[in-house]
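See below for the structure under consideration.
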Amino acid sequence: GNSFLLFLLPIGGIISVALYKLCRVEGYGTNQVFECARSEKPVPLALMPAIFIGSSLTHLLGGSAGKEGAALQLGGSISSLISKIFKLDENSRHILTLCGMGALFSAVFGTPIGACVFALEVVRVGNFCSAAFFPTMISSVTAFGISSLLKVEPERFHLSFIPEFAPAPLLSVLLIAIAGALVSVIFCELLHIGEKTFRRLFKNPFIRVVAGALIIIALTLILGTRDYNGSGVSVIHGLFTGESVKYEAFILKMIFTAITVGCGFKGGEIVPTLFIGATMGATVSALLSFDGAFGAAVGMAALFAGVTNTPVATIFICAEMFGGEGIIFFAMASVTSFLLSGMTGLYSSQKFTYSKLKEDLISEE
């Protein structure tokens with residue numbers, strides 16, 4: 001295919017960093033959008049072109065990142081623009097930011113109900129803004145409708161086998177969920193370590209992003225596969241059409257993503273999360289002699305709930321992506337992983353209202 005594109009990754013990185021400097025939105029990411037959804041700060045409008053071009057470059061040239069981080073940030077900045085035009089008060093602006101996040105997430109993944117619940121659940125864990133429910137649902141469903149008209153394929157995976165509800169498959173699902181919680185914590189730590197290490201070693205953001213790009217190119221050439229570049233959706237689809245899983249795949253994807261995001265490339269961590277969950281689930285399933293494709297689906301649920309701390313949204317997203325038949329298993333996996341993944345998460349500005357283990361208020365805001 002376009003194998004030469006990978007070698008343009010350092011140039012893409014330089015363009016991306018320069019663009020963020022030019023638009024004066026350095027340091028802006030999904031975390032800042034969450035803060036804007038809670039506080040008086042508006043999302044800067046210049047984030048729109050910056051994140052769109054930055055994510056597209058990462059994606060096109062083989063950095064390991066997804067598109068939903070861009071979707072959440074675009075949604076946040078578009079709703080900020082609308083708030084400015086209509087001079088909305090602060091509370092209306094918060095709700096509009098959630099609507100924007102839900103809409104863009106829904107358009108990208110084709111999971112309108114999950115996207116709506118995700119936007120409501122992710123900013124403040126355990127504290128649902130009920131006033132935002134209706135408007136966010138409307139915007140998510142509308143966005144899904146428009147993306148369907150534009151022939152955007154929603155993410156759907158066909159499960160040829162769904163186990164009967166019985167103790168043995170439930171035990172396998174719980175074991176995959178426990179592994180998923182552990183991998184969630186490791187993945188979030190790796191992202192954190194990746195960013196800290198790159199910042200310590202390379203003070204200049206341009207040198208930092210080029211160094212990261214060169215490491216990605218080297219790793220890709222050593223491994224002799226493009227499986228870990230880009231979002232990796234094709235690998236996920238492969239698991240559901242009977243392709244075998246490489247046991248080390250989930251570890252390699254974590255490393256690729258930590259390097260890509262840590263050195264300053266733009267993009268989201270959610271599609272890589274689904275890749276890591278699917279390959280981890282398939283790997284654990286092989287050890288348990290459990291159905292690989294169903295195990296991959298359970299792994300996706302466990303990892304998504306573990307890193308985003310949104311168990312309710314995860315259940316809906318699974319129902320939309322895989323159909324509702326295995327929903328008991330997906331619900332068990334989501335809630336188990338959410339409980340065991342502790343206070344870690346992809347987004348450092350996520351607020352936990354209550355402790356996960358007992359009804360203790362953690363933050364009042």
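Naming scheme: A, B, ... for chains in displayed order of the structure tokens; residues 1 onward per chain; ligands 1 onward as shown.
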
Worksheet item: Ile315 (chain A): which residues within 9 Å, counting only C-alpha atoms, same-chain residues fewer than 5 positions away excluded, as a PyMOL selection string?
Response: chain A and resi 114+301+305+310+320+327-328+330-331+334-335

Going by DSSP on the backbone, which bits of region 88-305 of chain A are alpha helix (DSSP H)? Write them as a compact mmCIF listing (two decimals) with N, CA and C atoms, in the first residue's frame, please.
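Final output, saved to out_8.txt:
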# COMPACT_ATOMS: atom_id res chain seq x y z
N GLU A 90 -23.53 30.19 31.60
CA GLU A 90 -22.53 29.15 31.86
C GLU A 90 -23.13 27.73 31.86
N ASN A 91 -24.27 27.56 32.54
CA ASN A 91 -24.86 26.22 32.61
C ASN A 91 -25.28 25.71 31.25
N SER A 92 -25.86 26.60 30.43
CA SER A 92 -26.25 26.19 29.08
C SER A 92 -25.01 25.81 28.28
N ARG A 93 -23.92 26.52 28.54
CA ARG A 93 -22.69 26.22 27.80
C ARG A 93 -22.16 24.84 28.16
N HIS A 94 -22.23 24.51 29.46
CA HIS A 94 -21.79 23.17 29.89
C HIS A 94 -22.59 22.10 29.15
N ILE A 95 -23.91 22.29 29.13
CA ILE A 95 -24.78 21.29 28.49
C ILE A 95 -24.47 21.20 27.00
N LEU A 96 -24.23 22.37 26.39
CA LEU A 96 -23.94 22.38 24.95
C LEU A 96 -22.61 21.66 24.65
N THR A 97 -21.64 21.81 25.56
CA THR A 97 -20.36 21.11 25.38
C THR A 97 -20.59 19.60 25.39
N LEU A 98 -21.44 19.13 26.32
CA LEU A 98 -21.77 17.69 26.38
C LEU A 98 -22.48 17.26 25.09
N CYS A 99 -23.39 18.12 24.59
CA CYS A 99 -24.09 17.81 23.33
C CYS A 99 -23.09 17.66 22.19
N GLY A 100 -22.13 18.58 22.15
CA GLY A 100 -21.11 18.53 21.08
C GLY A 100 -20.27 17.27 21.17
N MET A 101 -19.87 16.91 22.39
CA MET A 101 -19.06 15.70 22.56
C MET A 101 -19.84 14.47 22.15
N GLY A 102 -21.11 14.39 22.60
CA GLY A 102 -21.95 13.24 22.25
C GLY A 102 -22.17 13.13 20.75
N ALA A 103 -22.42 14.28 20.11
CA ALA A 103 -22.72 14.29 18.68
C ALA A 103 -21.54 13.78 17.85
N LEU A 104 -20.35 14.32 18.14
CA LEU A 104 -19.19 13.93 17.34
C LEU A 104 -18.81 12.48 17.59
N PHE A 105 -18.89 12.04 18.85
CA PHE A 105 -18.59 10.64 19.19
C PHE A 105 -19.56 9.72 18.45
N SER A 106 -20.83 10.11 18.45
CA SER A 106 -21.87 9.33 17.78
C SER A 106 -21.63 9.24 16.29
N ALA A 107 -21.24 10.37 15.69
CA ALA A 107 -21.01 10.40 14.24
C ALA A 107 -19.82 9.52 13.85
N VAL A 108 -18.78 9.52 14.70
CA VAL A 108 -17.56 8.77 14.38
C VAL A 108 -17.78 7.26 14.55
N PHE A 109 -18.46 6.86 15.64
CA PHE A 109 -18.59 5.43 15.93
C PHE A 109 -19.91 4.83 15.48
N PRO A 112 -25.15 6.01 18.77
CA PRO A 112 -25.75 7.22 19.34
C PRO A 112 -26.11 7.14 20.82
N ILE A 113 -26.67 6.01 21.27
CA ILE A 113 -27.08 5.93 22.68
C ILE A 113 -25.83 5.88 23.57
N GLY A 114 -24.89 5.04 23.19
CA GLY A 114 -23.64 4.95 23.94
C GLY A 114 -22.91 6.29 23.98
N ALA A 115 -22.92 7.01 22.85
CA ALA A 115 -22.23 8.30 22.77
C ALA A 115 -22.86 9.32 23.71
N CYS A 116 -24.18 9.33 23.76
CA CYS A 116 -24.90 10.25 24.64
C CYS A 116 -24.54 9.95 26.10
N VAL A 117 -24.64 8.69 26.48
CA VAL A 117 -24.36 8.31 27.88
C VAL A 117 -22.88 8.56 28.20
N PHE A 118 -22.00 8.30 27.23
CA PHE A 118 -20.57 8.52 27.44
C PHE A 118 -20.29 9.99 27.77
N ALA A 119 -20.87 10.90 26.97
CA ALA A 119 -20.63 12.33 27.20
C ALA A 119 -21.10 12.74 28.59
N LEU A 120 -22.25 12.19 29.03
CA LEU A 120 -22.79 12.54 30.35
C LEU A 120 -21.97 11.93 31.48
N GLU A 121 -21.44 10.74 31.22
CA GLU A 121 -20.81 9.96 32.30
C GLU A 121 -19.33 10.30 32.47
N VAL A 122 -18.66 10.70 31.38
CA VAL A 122 -17.20 10.73 31.40
C VAL A 122 -16.63 11.95 32.14
N VAL A 123 -17.33 13.08 32.10
CA VAL A 123 -16.76 14.29 32.67
C VAL A 123 -16.74 14.23 34.20
N PHE A 133 -29.48 15.29 29.69
CA PHE A 133 -29.79 14.00 29.06
C PHE A 133 -30.54 14.17 27.74
N PHE A 134 -31.65 14.90 27.78
CA PHE A 134 -32.47 15.04 26.58
C PHE A 134 -31.72 15.75 25.45
N PRO A 135 -31.14 16.96 25.70
CA PRO A 135 -30.43 17.62 24.60
C PRO A 135 -29.28 16.78 24.05
N THR A 136 -28.55 16.10 24.93
CA THR A 136 -27.41 15.30 24.45
C THR A 136 -27.89 14.12 23.61
N MET A 137 -28.99 13.50 24.03
CA MET A 137 -29.56 12.39 23.26
C MET A 137 -29.99 12.87 21.87
N ILE A 138 -30.68 14.03 21.84
CA ILE A 138 -31.12 14.58 20.56
C ILE A 138 -29.92 14.83 19.64
N SER A 139 -28.86 15.44 20.19
CA SER A 139 -27.71 15.77 19.33
C SER A 139 -26.99 14.50 18.88
N SER A 140 -26.90 13.49 19.76
CA SER A 140 -26.23 12.23 19.37
C SER A 140 -27.00 11.51 18.27
N VAL A 141 -28.32 11.44 18.44
CA VAL A 141 -29.15 10.74 17.46
C VAL A 141 -29.16 11.50 16.13
N THR A 142 -29.22 12.83 16.20
CA THR A 142 -29.20 13.65 14.98
C THR A 142 -27.88 13.44 14.23
N ALA A 143 -26.78 13.48 14.99
CA ALA A 143 -25.46 13.30 14.36
C ALA A 143 -25.36 11.93 13.70
N PHE A 144 -25.91 10.92 14.37
CA PHE A 144 -25.91 9.56 13.80
C PHE A 144 -26.71 9.54 12.50
N GLY A 145 -27.86 10.22 12.52
CA GLY A 145 -28.71 10.29 11.33
C GLY A 145 -27.99 10.94 10.16
N ILE A 146 -27.30 12.04 10.45
CA ILE A 146 -26.59 12.76 9.38
C ILE A 146 -25.43 11.92 8.87
N SER A 147 -24.67 11.29 9.79
CA SER A 147 -23.53 10.50 9.32
C SER A 147 -24.01 9.28 8.52
N SER A 148 -25.20 8.75 8.87
CA SER A 148 -25.77 7.64 8.08
C SER A 148 -26.13 8.11 6.67
N LEU A 149 -26.71 9.32 6.56
CA LEU A 149 -27.04 9.88 5.25
C LEU A 149 -25.78 10.08 4.41
N PRO A 167 -22.75 -20.74 34.33
CA PRO A 167 -21.58 -20.42 35.17
C PRO A 167 -20.24 -20.44 34.44
N ALA A 168 -20.02 -21.45 33.57
CA ALA A 168 -18.69 -21.57 32.93
C ALA A 168 -18.34 -20.37 32.04
N PRO A 169 -19.22 -19.98 31.08
CA PRO A 169 -18.88 -18.80 30.29
C PRO A 169 -18.81 -17.53 31.13
N LEU A 170 -19.64 -17.43 32.17
CA LEU A 170 -19.61 -16.24 33.02
C LEU A 170 -18.26 -16.13 33.73
N LEU A 171 -17.74 -17.27 34.16
CA LEU A 171 -16.42 -17.28 34.82
C LEU A 171 -15.34 -16.81 33.84
N SER A 172 -15.39 -17.32 32.61
CA SER A 172 -14.42 -16.89 31.60
C SER A 172 -14.50 -15.38 31.37
N VAL A 173 -15.73 -14.86 31.27
CA VAL A 173 -15.94 -13.44 31.06
C VAL A 173 -15.36 -12.63 32.22
N LEU A 174 -15.58 -13.11 33.45
CA LEU A 174 -15.06 -12.38 34.61
C LEU A 174 -13.53 -12.40 34.63
N LEU A 175 -12.93 -13.53 34.22
CA LEU A 175 -11.47 -13.60 34.17
C LEU A 175 -10.91 -12.62 33.12
N ILE A 176 -11.60 -12.54 31.97
CA ILE A 176 -11.18 -11.58 30.94
C ILE A 176 -11.32 -10.15 31.48
N ALA A 177 -12.41 -9.90 32.23
CA ALA A 177 -12.63 -8.56 32.78
C ALA A 177 -11.57 -8.18 33.81
N ILE A 178 -11.16 -9.15 34.62
CA ILE A 178 -10.11 -8.89 35.63
C ILE A 178 -8.79 -8.57 34.91
N ALA A 179 -8.48 -9.39 33.88
CA ALA A 179 -7.27 -9.11 33.08
C ALA A 179 -7.40 -7.73 32.44
N GLY A 180 -8.61 -7.39 31.97
CA GLY A 180 -8.84 -6.09 31.33
C GLY A 180 -8.60 -4.93 32.28
N ALA A 181 -9.03 -5.09 33.53
CA ALA A 181 -8.82 -4.02 34.52
C ALA A 181 -7.33 -3.81 34.75
N LEU A 182 -6.60 -4.92 34.85
CA LEU A 182 -5.15 -4.85 35.06
C LEU A 182 -4.47 -4.17 33.88
N VAL A 183 -4.85 -4.58 32.67
CA VAL A 183 -4.26 -3.99 31.46
C VAL A 183 -4.64 -2.50 31.35
N SER A 184 -5.86 -2.15 31.76
CA SER A 184 -6.29 -0.73 31.76
C SER A 184 -5.34 0.13 32.59
N VAL A 185 -5.04 -0.37 33.79
CA VAL A 185 -4.17 0.38 34.69
C VAL A 185 -2.77 0.51 34.08
N ILE A 186 -2.27 -0.61 33.52
CA ILE A 186 -0.93 -0.59 32.92
C ILE A 186 -0.89 0.38 31.73
N PHE A 187 -1.93 0.34 30.90
CA PHE A 187 -1.98 1.20 29.71
C PHE A 187 -1.99 2.68 30.11
N CYS A 188 -2.82 3.05 31.08
CA CYS A 188 -2.87 4.45 31.51
C CYS A 188 -1.53 4.89 32.11
N GLU A 189 -0.89 3.99 32.87
CA GLU A 189 0.43 4.28 33.43
C GLU A 189 1.46 4.48 32.32
N LEU A 190 1.42 3.58 31.31
CA LEU A 190 2.36 3.67 30.19
C LEU A 190 2.22 5.01 29.46
N LEU A 191 0.98 5.44 29.24
CA LEU A 191 0.75 6.73 28.56
C LEU A 191 1.37 7.87 29.37
N HIS A 192 1.19 7.77 30.68
CA HIS A 192 1.70 8.78 31.60
C HIS A 192 3.24 8.79 31.59
N ILE A 193 3.82 7.59 31.69
CA ILE A 193 5.29 7.46 31.69
C ILE A 193 5.87 7.92 30.35
N GLY A 194 5.17 7.53 29.26
CA GLY A 194 5.64 7.91 27.92
C GLY A 194 5.77 9.41 27.79
N GLU A 195 4.73 10.11 28.22
CA GLU A 195 4.73 11.57 28.09
C GLU A 195 5.81 12.20 28.97
N LYS A 196 5.91 11.72 30.23
CA LYS A 196 6.91 12.28 31.16
C LYS A 196 8.33 12.06 30.64
N THR A 197 8.57 10.83 30.12
CA THR A 197 9.92 10.49 29.64
C THR A 197 10.31 11.35 28.45
N PHE A 198 9.40 11.48 27.48
CA PHE A 198 9.71 12.30 26.31
C PHE A 198 9.96 13.76 26.69
N ARG A 199 9.18 14.26 27.63
CA ARG A 199 9.36 15.66 28.05
C ARG A 199 10.69 15.85 28.77
N ARG A 200 11.09 14.83 29.52
CA ARG A 200 12.35 14.93 30.25
C ARG A 200 13.54 14.86 29.31
N LEU A 201 13.47 13.94 28.33
CA LEU A 201 14.61 13.72 27.43
C LEU A 201 14.74 14.81 26.37
N PRO A 205 9.75 20.71 21.72
CA PRO A 205 8.64 19.88 21.22
C PRO A 205 8.84 19.34 19.80
N PHE A 206 9.60 20.10 18.97
CA PHE A 206 9.85 19.63 17.60
C PHE A 206 10.78 18.42 17.60
N ILE A 207 11.85 18.51 18.41
CA ILE A 207 12.79 17.37 18.50
C ILE A 207 12.07 16.18 19.13
N ARG A 208 11.21 16.47 20.11
CA ARG A 208 10.47 15.42 20.82
C ARG A 208 9.61 14.60 19.86
N VAL A 209 8.87 15.30 19.01
CA VAL A 209 7.94 14.60 18.11
C VAL A 209 8.71 13.84 17.01
N VAL A 210 9.84 14.39 16.58
CA VAL A 210 10.66 13.70 15.56
C VAL A 210 11.28 12.44 16.17
N ALA A 211 11.76 12.56 17.41
CA ALA A 211 12.35 11.39 18.08
C ALA A 211 11.31 10.27 18.19
N GLY A 212 10.10 10.63 18.62
CA GLY A 212 9.03 9.64 18.73
C GLY A 212 8.71 9.01 17.39
N ALA A 213 8.65 9.84 16.34
CA ALA A 213 8.33 9.34 15.00
C ALA A 213 9.39 8.34 14.53
N LEU A 214 10.66 8.65 14.81
CA LEU A 214 11.75 7.76 14.38
C LEU A 214 11.68 6.43 15.13
N ILE A 215 11.32 6.48 16.41
CA ILE A 215 11.18 5.23 17.18
C ILE A 215 10.05 4.38 16.59
N ILE A 216 8.91 5.03 16.24
CA ILE A 216 7.78 4.30 15.64
C ILE A 216 8.21 3.65 14.32
N ILE A 217 8.92 4.41 13.48
CA ILE A 217 9.38 3.86 12.19
C ILE A 217 10.29 2.65 12.43
N ALA A 218 11.24 2.81 13.37
CA ALA A 218 12.18 1.73 13.66
C ALA A 218 11.45 0.48 14.15
N LEU A 219 10.53 0.67 15.10
CA LEU A 219 9.77 -0.47 15.64
C LEU A 219 8.97 -1.17 14.54
N THR A 220 8.36 -0.36 13.67
CA THR A 220 7.54 -0.93 12.58
C THR A 220 8.41 -1.78 11.67
N LEU A 221 9.61 -1.29 11.34
CA LEU A 221 10.50 -2.03 10.44
C LEU A 221 11.02 -3.30 11.12
N ILE A 222 11.33 -3.21 12.41
CA ILE A 222 11.82 -4.39 13.14
C ILE A 222 10.74 -5.47 13.17
N LEU A 223 9.49 -5.06 13.45
CA LEU A 223 8.40 -6.04 13.57
C LEU A 223 7.93 -6.55 12.21
N VAL A 233 -8.13 -0.60 13.28
CA VAL A 233 -9.50 -1.13 13.18
C VAL A 233 -9.54 -2.42 12.36
N SER A 234 -8.67 -2.50 11.33
CA SER A 234 -8.69 -3.70 10.48
C SER A 234 -8.30 -4.95 11.27
N VAL A 235 -7.38 -4.79 12.22
CA VAL A 235 -6.98 -5.93 13.07
C VAL A 235 -8.16 -6.36 13.94
N ILE A 236 -8.90 -5.38 14.48
CA ILE A 236 -10.07 -5.70 15.31
C ILE A 236 -11.08 -6.49 14.47
N HIS A 237 -11.36 -5.98 13.25
CA HIS A 237 -12.31 -6.67 12.38
C HIS A 237 -11.84 -8.10 12.07
N GLY A 238 -10.52 -8.25 11.90
CA GLY A 238 -9.95 -9.57 11.63
C GLY A 238 -10.27 -10.59 12.71
N LEU A 239 -10.25 -10.12 13.98
CA LEU A 239 -10.53 -11.04 15.10
C LEU A 239 -11.95 -11.57 15.02
N PHE A 240 -12.86 -10.77 14.45
CA PHE A 240 -14.26 -11.20 14.37
C PHE A 240 -14.57 -11.99 13.10
N ALA A 249 0.21 -8.97 20.71
CA ALA A 249 -0.36 -7.80 20.01
C ALA A 249 -0.78 -6.68 20.96
N PHE A 250 -1.45 -7.05 22.06
CA PHE A 250 -1.97 -5.99 22.93
C PHE A 250 -0.84 -5.22 23.62
N ILE A 251 0.27 -5.94 23.92
CA ILE A 251 1.42 -5.27 24.57
C ILE A 251 2.08 -4.30 23.58
N LEU A 252 2.25 -4.77 22.34
CA LEU A 252 2.88 -3.91 21.33
C LEU A 252 2.04 -2.68 21.04
N LYS A 253 0.71 -2.85 20.97
CA LYS A 253 -0.15 -1.70 20.69
C LYS A 253 -0.06 -0.67 21.82
N MET A 254 0.05 -1.15 23.06
CA MET A 254 0.19 -0.22 24.19
C MET A 254 1.47 0.60 24.04
N ILE A 255 2.56 -0.09 23.64
CA ILE A 255 3.85 0.60 23.51
C ILE A 255 3.79 1.62 22.36
N PHE A 256 3.26 1.19 21.21
CA PHE A 256 3.14 2.10 20.06
C PHE A 256 2.31 3.34 20.42
N THR A 257 1.20 3.13 21.13
CA THR A 257 0.31 4.25 21.45
C THR A 257 0.97 5.18 22.47
N ALA A 258 1.65 4.60 23.46
CA ALA A 258 2.32 5.42 24.48
C ALA A 258 3.39 6.30 23.84
N ILE A 259 4.12 5.75 22.84
CA ILE A 259 5.14 6.54 22.16
C ILE A 259 4.49 7.64 21.31
N THR A 260 3.46 7.26 20.54
CA THR A 260 2.81 8.22 19.63
C THR A 260 2.24 9.40 20.39
N VAL A 261 1.45 9.10 21.45
CA VAL A 261 0.79 10.17 22.19
C VAL A 261 1.81 10.90 23.07
N GLY A 262 2.76 10.14 23.64
CA GLY A 262 3.74 10.72 24.56
C GLY A 262 4.66 11.72 23.91
N ILE A 270 -8.97 6.10 22.30
CA ILE A 270 -10.06 5.15 22.47
C ILE A 270 -10.02 4.01 21.46
N VAL A 271 -9.73 4.30 20.19
CA VAL A 271 -9.65 3.20 19.22
C VAL A 271 -8.47 2.26 19.55
N PRO A 272 -7.29 2.83 19.89
CA PRO A 272 -6.24 1.93 20.39
C PRO A 272 -6.69 1.11 21.61
N THR A 273 -7.50 1.74 22.49
CA THR A 273 -8.02 1.01 23.65
C THR A 273 -8.85 -0.20 23.20
N LEU A 274 -9.69 0.00 22.19
CA LEU A 274 -10.52 -1.10 21.68
C LEU A 274 -9.65 -2.19 21.06
N PHE A 275 -8.58 -1.77 20.37
CA PHE A 275 -7.62 -2.72 19.78
C PHE A 275 -6.97 -3.55 20.90
N ILE A 276 -6.49 -2.84 21.93
CA ILE A 276 -5.80 -3.53 23.04
C ILE A 276 -6.77 -4.48 23.74
N GLY A 277 -8.02 -4.01 23.95
CA GLY A 277 -9.03 -4.85 24.60
C GLY A 277 -9.36 -6.08 23.79
N ALA A 278 -9.53 -5.89 22.48
CA ALA A 278 -9.90 -7.01 21.61
C ALA A 278 -8.80 -8.06 21.56
N THR A 279 -7.55 -7.61 21.38
CA THR A 279 -6.45 -8.57 21.27
C THR A 279 -6.15 -9.22 22.62
N MET A 280 -6.27 -8.44 23.71
CA MET A 280 -6.08 -9.00 25.05
C MET A 280 -7.17 -10.04 25.33
N GLY A 281 -8.43 -9.71 24.99
CA GLY A 281 -9.54 -10.63 25.23
C GLY A 281 -9.38 -11.92 24.45
N ALA A 282 -8.94 -11.79 23.19
CA ALA A 282 -8.73 -12.98 22.36
C ALA A 282 -7.58 -13.84 22.90
N THR A 283 -6.54 -13.17 23.41
CA THR A 283 -5.39 -13.89 23.97
C THR A 283 -5.79 -14.67 25.23
N VAL A 284 -6.50 -14.00 26.14
CA VAL A 284 -6.94 -14.67 27.37
C VAL A 284 -7.91 -15.81 27.03
N SER A 285 -8.78 -15.57 26.02
CA SER A 285 -9.73 -16.62 25.59
C SER A 285 -9.01 -17.87 25.12
N ALA A 286 -7.90 -17.66 24.40
CA ALA A 286 -7.13 -18.81 23.92
C ALA A 286 -6.61 -19.64 25.10
N LEU A 287 -6.17 -18.95 26.15
CA LEU A 287 -5.68 -19.65 27.34
C LEU A 287 -6.82 -20.39 28.06
N LEU A 288 -8.04 -19.82 27.98
CA LEU A 288 -9.19 -20.42 28.68
C LEU A 288 -9.98 -21.37 27.78
N GLY A 292 -12.84 -17.15 20.79
CA GLY A 292 -11.94 -16.01 20.61
C GLY A 292 -12.63 -14.72 20.26
N ALA A 293 -13.60 -14.78 19.34
CA ALA A 293 -14.28 -13.56 18.90
C ALA A 293 -15.12 -12.98 20.03
N PHE A 294 -15.82 -13.86 20.75
CA PHE A 294 -16.64 -13.35 21.86
C PHE A 294 -15.73 -12.81 22.96
N GLY A 295 -14.61 -13.50 23.19
CA GLY A 295 -13.64 -13.02 24.17
C GLY A 295 -13.07 -11.66 23.79
N ALA A 296 -12.87 -11.44 22.48
CA ALA A 296 -12.38 -10.14 22.01
C ALA A 296 -13.39 -9.05 22.32
N ALA A 297 -14.69 -9.36 22.11
CA ALA A 297 -15.75 -8.38 22.39
C ALA A 297 -15.78 -8.05 23.89
N VAL A 298 -15.66 -9.08 24.72
CA VAL A 298 -15.66 -8.88 26.17
C VAL A 298 -14.44 -8.05 26.59
N GLY A 299 -13.30 -8.34 25.96
CA GLY A 299 -12.08 -7.57 26.25
C GLY A 299 -12.23 -6.10 25.89
N MET A 300 -12.89 -5.83 24.76
CA MET A 300 -13.13 -4.44 24.37
C MET A 300 -13.97 -3.72 25.42
N ALA A 301 -15.02 -4.42 25.91
CA ALA A 301 -15.88 -3.84 26.94
C ALA A 301 -15.07 -3.56 28.21
N ALA A 302 -14.27 -4.54 28.62
CA ALA A 302 -13.52 -4.41 29.87
C ALA A 302 -12.52 -3.25 29.79
N LEU A 303 -11.81 -3.16 28.66
CA LEU A 303 -10.79 -2.12 28.57
C LEU A 303 -11.39 -0.74 28.44
N PHE A 304 -12.46 -0.64 27.66
CA PHE A 304 -13.10 0.66 27.48
C PHE A 304 -13.62 1.19 28.83
N ALA A 305 -14.31 0.30 29.58
CA ALA A 305 -14.84 0.72 30.88
C ALA A 305 -13.71 1.05 31.84

Worksheet item: Expressed in Å to a single decimal, how great is the separation between CA of Val312 (chain A) and CA of Leu150 (chain A)?
Response: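 About the pair CA of Val312 (chain A) and CA of Leu150 (chain A): they are 28.6 Å apart.
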
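Considering the residues A:Leu6, A:Gly126, A:Glu269, A:Thr241 and counting only C-alpha atoms, Ser363 (chain A) has its shortest atom-to-atom contact with A:Gly126.
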
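Note that CA of Phe157 (chain A) and CA of Tyr228 (chain A) are 19.8 Å apart.
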
Under the rule of at most 12 Å, produce a per-residue listing of region 244-286 of chain A near region 20-24 of chain A: chain, number, name, the closest pair of atoms, and the distance in Å, as a tab-separated table, using only C-alpha atoms.
residue	atom	partner	partner_atom	distance
A:Gly264	CA	A:Tyr20	CA	10.5
A:Phe265	CA	A:Tyr20	CA	10.7
A:Lys266	CA	A:Tyr20	CA	9.9

Discussion item. I want to know what sits within 8 Å of Leu45 (chain A), based on only C-alpha atoms, with residues of the same chain fewer than 5 positions away left out; could you give that as a ChimeraX atom specification?
Written reply: /A:77-78,80-81

With N, CA and C atoms retained, could you export that selection as a CSV table (one decimal), in the first residue's frame?
chain,number,residue,atom,x,y,z
A,77,SER,N,-15.2,22.3,20.8
A,77,SER,CA,-15.0,23.6,20.3
A,77,SER,C,-16.1,24.2,19.4
A,78,ILE,N,-16.8,23.3,18.7
A,78,ILE,CA,-17.9,23.7,17.9
A,78,ILE,C,-19.0,24.3,18.9
A,80,SER,N,-18.6,25.5,21.8
A,80,SER,CA,-18.1,26.8,22.3
A,80,SER,C,-18.4,27.9,21.4
A,81,LEU,N,-18.2,27.7,20.1
A,81,LEU,CA,-18.5,28.7,19.1
A,81,LEU,C,-20.0,29.1,19.1

Worksheet entry | Close residues, Gly12 (chain A) itself excluded, 8 Å, only C-alpha atoms, min 5 positions apart in chain, as a ChimeraX atom specification | /A:57-58,61

Selection export as a tab-separated table (two decimals), in the first residue's frame, atoms kept: all heavy atoms:
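Written output follows (out01.tsv):
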chain	number	residue	atom	x	y	z
A	57	LEU	N	-3.18	13.84	10.27
A	57	LEU	CA	-1.77	13.54	9.94
A	57	LEU	C	-1.28	12.30	10.69
A	57	LEU	O	-0.64	11.42	10.12
A	57	LEU	CB	-0.87	14.74	10.28
A	57	LEU	CG	-0.94	15.93	9.31
A	57	LEU	CD1	-0.18	17.12	9.89
A	57	LEU	CD2	-0.35	15.55	7.95
A	58	THR	N	-1.60	12.24	11.99
A	58	THR	CA	-1.17	11.09	12.80
A	58	THR	C	-1.70	9.80	12.19
A	58	THR	O	-0.99	8.81	12.01
A	58	THR	CB	-1.71	11.21	14.25
A	58	THR	OG1	-1.32	12.47	14.78
A	58	THR	CG2	-1.15	10.11	15.14
A	61	LEU	N	-0.27	8.93	8.52
A	61	LEU	CA	1.16	8.61	8.41
A	61	LEU	C	1.58	7.45	9.30
A	61	LEU	O	2.75	7.09	9.34
A	61	LEU	CB	1.99	9.86	8.71
A	61	LEU	CG	1.67	11.07	7.81
A	61	LEU	CD1	2.47	12.28	8.25
A	61	LEU	CD2	1.94	10.76	6.34
